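Structure file data12.pdb (PDB, C-alpha atoms, pLDDT in the B column) follows.
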```pdb
ATOM      1  CA  ALA P1304       0.000   0.000   0.000  1.00 72.00           C
ATOM      2  CA  ASN P1305       1.137   3.529  -0.684  1.00 78.00           C
ATOM      3  CA  THR P1306       0.418   6.511   1.509  1.00 76.00           C
ATOM      4  CA  VAL P1307       0.706  10.173   0.591  1.00 80.00           C
ATOM      5  CA  LEU P1308       1.138  12.698   3.384  1.00 80.00           C
ATOM      6  CA  ILE P1309       0.481  16.357   2.666  1.00 83.00           C
ATOM      7  CA  GLN P1310       1.259  19.101   5.180  1.00 82.00           C
ATOM      8  CA  LYS P1311       1.343  22.838   4.624  1.00 84.00           C
ATOM      9  CA  PHE P1312       3.891  25.061   6.325  1.00 83.00           C
ATOM     10  CA  VAL P1313       4.369  28.791   5.774  1.00 88.00           C
ATOM     11  CA  ASN P1314       7.638  30.278   6.989  1.00 89.00           C
ATOM     12  CA  GLY P1315       7.662  33.544   8.913  1.00 88.00           C
ATOM     13  CA  GLN P1316       9.718  36.662   8.353  1.00 89.00           C
ATOM     14  CA  GLN P1317      13.172  35.103   8.824  1.00 89.00           C
ATOM     15  CA  LYS P1318      15.207  32.371   7.178  1.00 89.00           C
ATOM     16  CA  SER P1319      14.693  29.323   9.352  1.00 91.00           C
ATOM     17  CA  ASN P1320      15.108  25.588   9.848  1.00 92.00           C
ATOM     18  CA  THR P1321      12.261  23.255  10.682  1.00 90.00           C
ATOM     19  CA  GLN P1322      11.718  19.666  11.653  1.00 92.00           C
ATOM     20  CA  PHE P1323       8.758  17.369  11.042  1.00 90.00           C
ATOM     21  CA  LEU P1324       8.229  14.157  13.007  1.00 92.00           C
ATOM     22  CA  ILE P1325       6.060  11.684  11.153  1.00 90.00           C
ATOM     23  CA  PRO P1326       4.765   8.582  12.932  1.00 91.00           C
ATOM     24  CA  LEU P1327       3.944   5.763  10.542  1.00 88.00           C
ATOM     25  CA  PRO P1328       2.749   2.185  11.110  1.00 88.00           C
ATOM     26  CA  PHE P1329       5.333  -0.340  12.315  1.00 87.00           C
ATOM     27  CA  ASN P1330       7.262  -2.145   9.566  1.00 83.00           C
ATOM     28  CA  THR P1331       6.842   0.822   7.248  1.00 82.00           C
ATOM     29  CA  ALA P1332       9.402   1.432   4.532  1.00 82.00           C
ATOM     30  CA  VAL P1333       9.800   4.830   2.911  1.00 84.00           C
ATOM     31  CA  ASN P1334      10.822   4.528  -0.719  1.00 81.00           C
ATOM     32  CA  TYR P1335      10.173   8.071  -1.926  1.00 83.00           C
ATOM     33  CA  PHE P1336      10.520  11.506  -0.378  1.00 85.00           C
ATOM     34  CA  ALA P1337       9.636  14.815  -1.994  1.00 89.00           C
ATOM     35  CA  TYR P1338       8.439  18.225  -0.946  1.00 88.00           C
ATOM     36  CA  THR P1339       7.565  21.504  -2.602  1.00 89.00           C
ATOM     37  CA  ILE P1340       8.720  24.979  -1.624  1.00 89.00           C
ATOM     38  CA  ASN P1341       7.409  27.965  -3.583  1.00 88.00           C
ATOM     39  CA  ASN P1342       6.153  25.678  -6.359  1.00 90.00           C
ATOM     40  CA  LYS P1343       9.568  23.996  -6.734  1.00 91.00           C
ATOM     41  CA  LYS P1344       9.522  20.228  -6.215  1.00 91.00           C
ATOM     42  CA  ILE P1345      12.537  18.768  -4.427  1.00 90.00           C
ATOM     43  CA  GLU P1346      13.005  14.987  -4.536  1.00 90.00           C
ATOM     44  CA  GLY P1347      15.153  13.059  -2.088  1.00 87.00           C
ATOM     45  CA  LYS P1348      17.398  10.088  -2.688  1.00 86.00           C
ATOM     46  CA  CYS P1349      18.704   7.384  -0.370  1.00 84.00           C
ATOM     47  CA  ILE P1350      22.372   7.605   0.566  1.00 88.00           C
ATOM     48  CA  ASP P1351      24.515   6.380   3.454  1.00 88.00           C
ATOM     49  CA  LYS P1352      23.503   8.086   6.719  1.00 89.00           C
ATOM     50  CA  LYS P1353      27.044   9.187   7.631  1.00 94.00           C
ATOM     51  CA  ILE P1354      27.497  10.808   4.228  1.00 95.00           C
ATOM     52  CA  ALA P1355      24.046  12.397   4.445  1.00 92.00           C
ATOM     53  CA  ASP P1356      24.835  13.851   7.883  1.00 94.00           C
ATOM     54  CA  ARG P1357      28.053  15.430   6.598  1.00 96.00           C
ATOM     55  CA  LEU P1358      26.393  16.822   3.467  1.00 95.00           C
ATOM     56  CA  TYR P1359      23.457  18.215   5.455  1.00 94.00           C
ATOM     57  CA  THR P1360      25.720  19.878   8.047  1.00 95.00           C
ATOM     58  CA  TYR P1361      27.954  21.393   5.377  1.00 97.00           C
ATOM     59  CA  ALA P1362      25.057  22.697   3.288  1.00 95.00           C
ATOM     60  CA  LEU P1363      23.307  24.104   6.357  1.00 95.00           C
ATOM     61  CA  SER P1364      26.413  25.969   7.537  1.00 96.00           C
ATOM     62  CA  SER P1365      27.004  27.248   3.983  1.00 96.00           C
ATOM     63  CA  GLY P1366      23.533  28.773   3.848  1.00 93.00           C
ATOM     64  CA  GLU P1367      22.242  26.387   1.171  1.00 93.00           C
ATOM     65  CA  LYS P1368      18.695  25.088   1.185  1.00 90.00           C
ATOM     66  CA  VAL P1369      18.912  21.507   2.391  1.00 91.00           C
ATOM     67  CA  SER P1370      16.797  18.649   3.727  1.00 92.00           C
ATOM     68  CA  MET P1371      17.271  15.198   5.180  1.00 93.00           C
ATOM     69  CA  MET P1372      14.898  12.408   6.182  1.00 92.00           C
ATOM     70  CA  THR P1373      15.965   9.861   8.787  1.00 92.00           C
ATOM     71  CA  GLN P1374      14.296   6.942  10.495  1.00 90.00           C
ATOM     72  CA  GLU P1375      14.379   7.562  14.235  1.00 92.00           C
ATOM     73  CA  ASN P1376      12.920   4.195  15.285  1.00 90.00           C
ATOM     74  CA  ASP P1377      10.630   1.471  13.940  1.00 88.00           C
ATOM     75  CA  ASN P1378       7.733   3.808  13.244  1.00 89.00           C
ATOM     76  CA  LEU P1379       9.029   7.393  13.504  1.00 92.00           C
ATOM     77  CA  PHE P1380      10.606   9.321  10.659  1.00 91.00           C
ATOM     78  CA  LYS P1381      12.149  12.797  10.921  1.00 93.00           C
ATOM     79  CA  ILE P1382      12.466  15.381   8.171  1.00 92.00           C
ATOM     80  CA  ASP P1383      14.844  18.294   8.697  1.00 93.00           C
ATOM     81  CA  ILE P1384      14.629  21.206   6.266  1.00 92.00           C
ATOM     82  CA  GLY P1385      17.203  23.961   6.563  1.00 93.00           C
ATOM     83  CA  ASN P1386      17.618  27.520   5.351  1.00 93.00           C
ATOM     84  CA  ILE P1387      14.012  28.066   4.340  1.00 91.00           C
ATOM     85  CA  ASP P1388      13.630  31.547   2.885  1.00 89.00           C
ATOM     86  CA  PRO P1389      11.317  34.030   4.614  1.00 90.00           C
ATOM     87  CA  GLU P1390       7.642  33.704   3.673  1.00 89.00           C
ATOM     88  CA  SER P1391       8.225  30.469   1.754  1.00 89.00           C
ATOM     89  CA  ASN P1392       5.391  27.984   1.551  1.00 88.00           C
TER
END
```

Take the structure in the file and give it back as structure tokens.
Amino acid sequence: ANTVLIQKFVNGQQKSNTQFLIPLPFNTAVNYFAYTINNKKIEGKCIDKKIADRLYTYALSSGEKVSMMTQENDNLFKIDIGNIDPESN
């Protein structure tokens, strides 16, 4: 079965970082991750967690727009999105 989750977030007046925690049923596998900011679709890809952590940290500190999804435990996934421009949606 496939599930589509849609959430709407509007950023405030400052560049910011945000985090979404998404509980899903046990034994869930995520095979696709995408989001849209200001009508631009960004698609994720699966890479090694250590490499992803380094890339995310570097991009965040460089001021680049960046995101990362991680599995926190059997049924909880976390999405970090960094350097969101003011008033983005």

Hits from the PyMOL selection byres ((chain P and resi 1321-1334) around 9), listed as a PyMOL selection string: chain P and resi 1319-1320+1335-1336+1348-1349+1377-1387

One-decimal distance in Å that lies between CA of Thr1339 in chain P and CA of Tyr1359 in chain P: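 Separation of CA of Tyr1359 in chain P and CA of Thr1339 in chain P: 18.1 Å.
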
d(CA of Glu1390 in chain P, CA of Gly1315 in chain P) in Å: 5.2 Å

Name the residues that the PyMOL selection byres ((chain P and resi 1311) around 12) pulls out of this structure, and write them as a PDB file with C-alpha atoms, keeping the file's coordinate frame.
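The file below, out27.pdb, is the result:
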```
ATOM      1  CA  LEU P1308       1.138  12.698   3.384  1.00 80.00           C
ATOM      2  CA  ILE P1309       0.481  16.357   2.666  1.00 83.00           C
ATOM      3  CA  GLN P1310       1.259  19.101   5.180  1.00 82.00           C
ATOM      4  CA  PHE P1312       3.891  25.061   6.325  1.00 83.00           C
ATOM      5  CA  VAL P1313       4.369  28.791   5.774  1.00 88.00           C
ATOM      6  CA  ASN P1314       7.638  30.278   6.989  1.00 89.00           C
ATOM      7  CA  PHE P1323       8.758  17.369  11.042  1.00 90.00           C
ATOM      8  CA  TYR P1338       8.439  18.225  -0.946  1.00 88.00           C
ATOM      9  CA  THR P1339       7.565  21.504  -2.602  1.00 89.00           C
ATOM     10  CA  ILE P1340       8.720  24.979  -1.624  1.00 89.00           C
ATOM     11  CA  ASN P1341       7.409  27.965  -3.583  1.00 88.00           C
ATOM     12  CA  SER P1391       8.225  30.469   1.754  1.00 89.00           C
ATOM     13  CA  ASN P1392       5.391  27.984   1.551  1.00 88.00           C
TER      14      ASN P1392
END
```

CA of Ala1362 in chain P to CA of Asn1376 in chain P, distance in Å rounded to a single decimal: 25.2 Å

Explicit residues for the PyMOL selection byres ((chain P and resi 1353-1358) around 12) (as a PyMOL selection string): chain P and resi 1347-1352+1359-1365+1367-1373+1383

Nearest to Asp1388 in chain P by atom-to-atom distance, counting all atoms listed in the file, from P:Gly1366, P:Asn1305, P:Ile1345, P:Glu1375: P:Gly1366
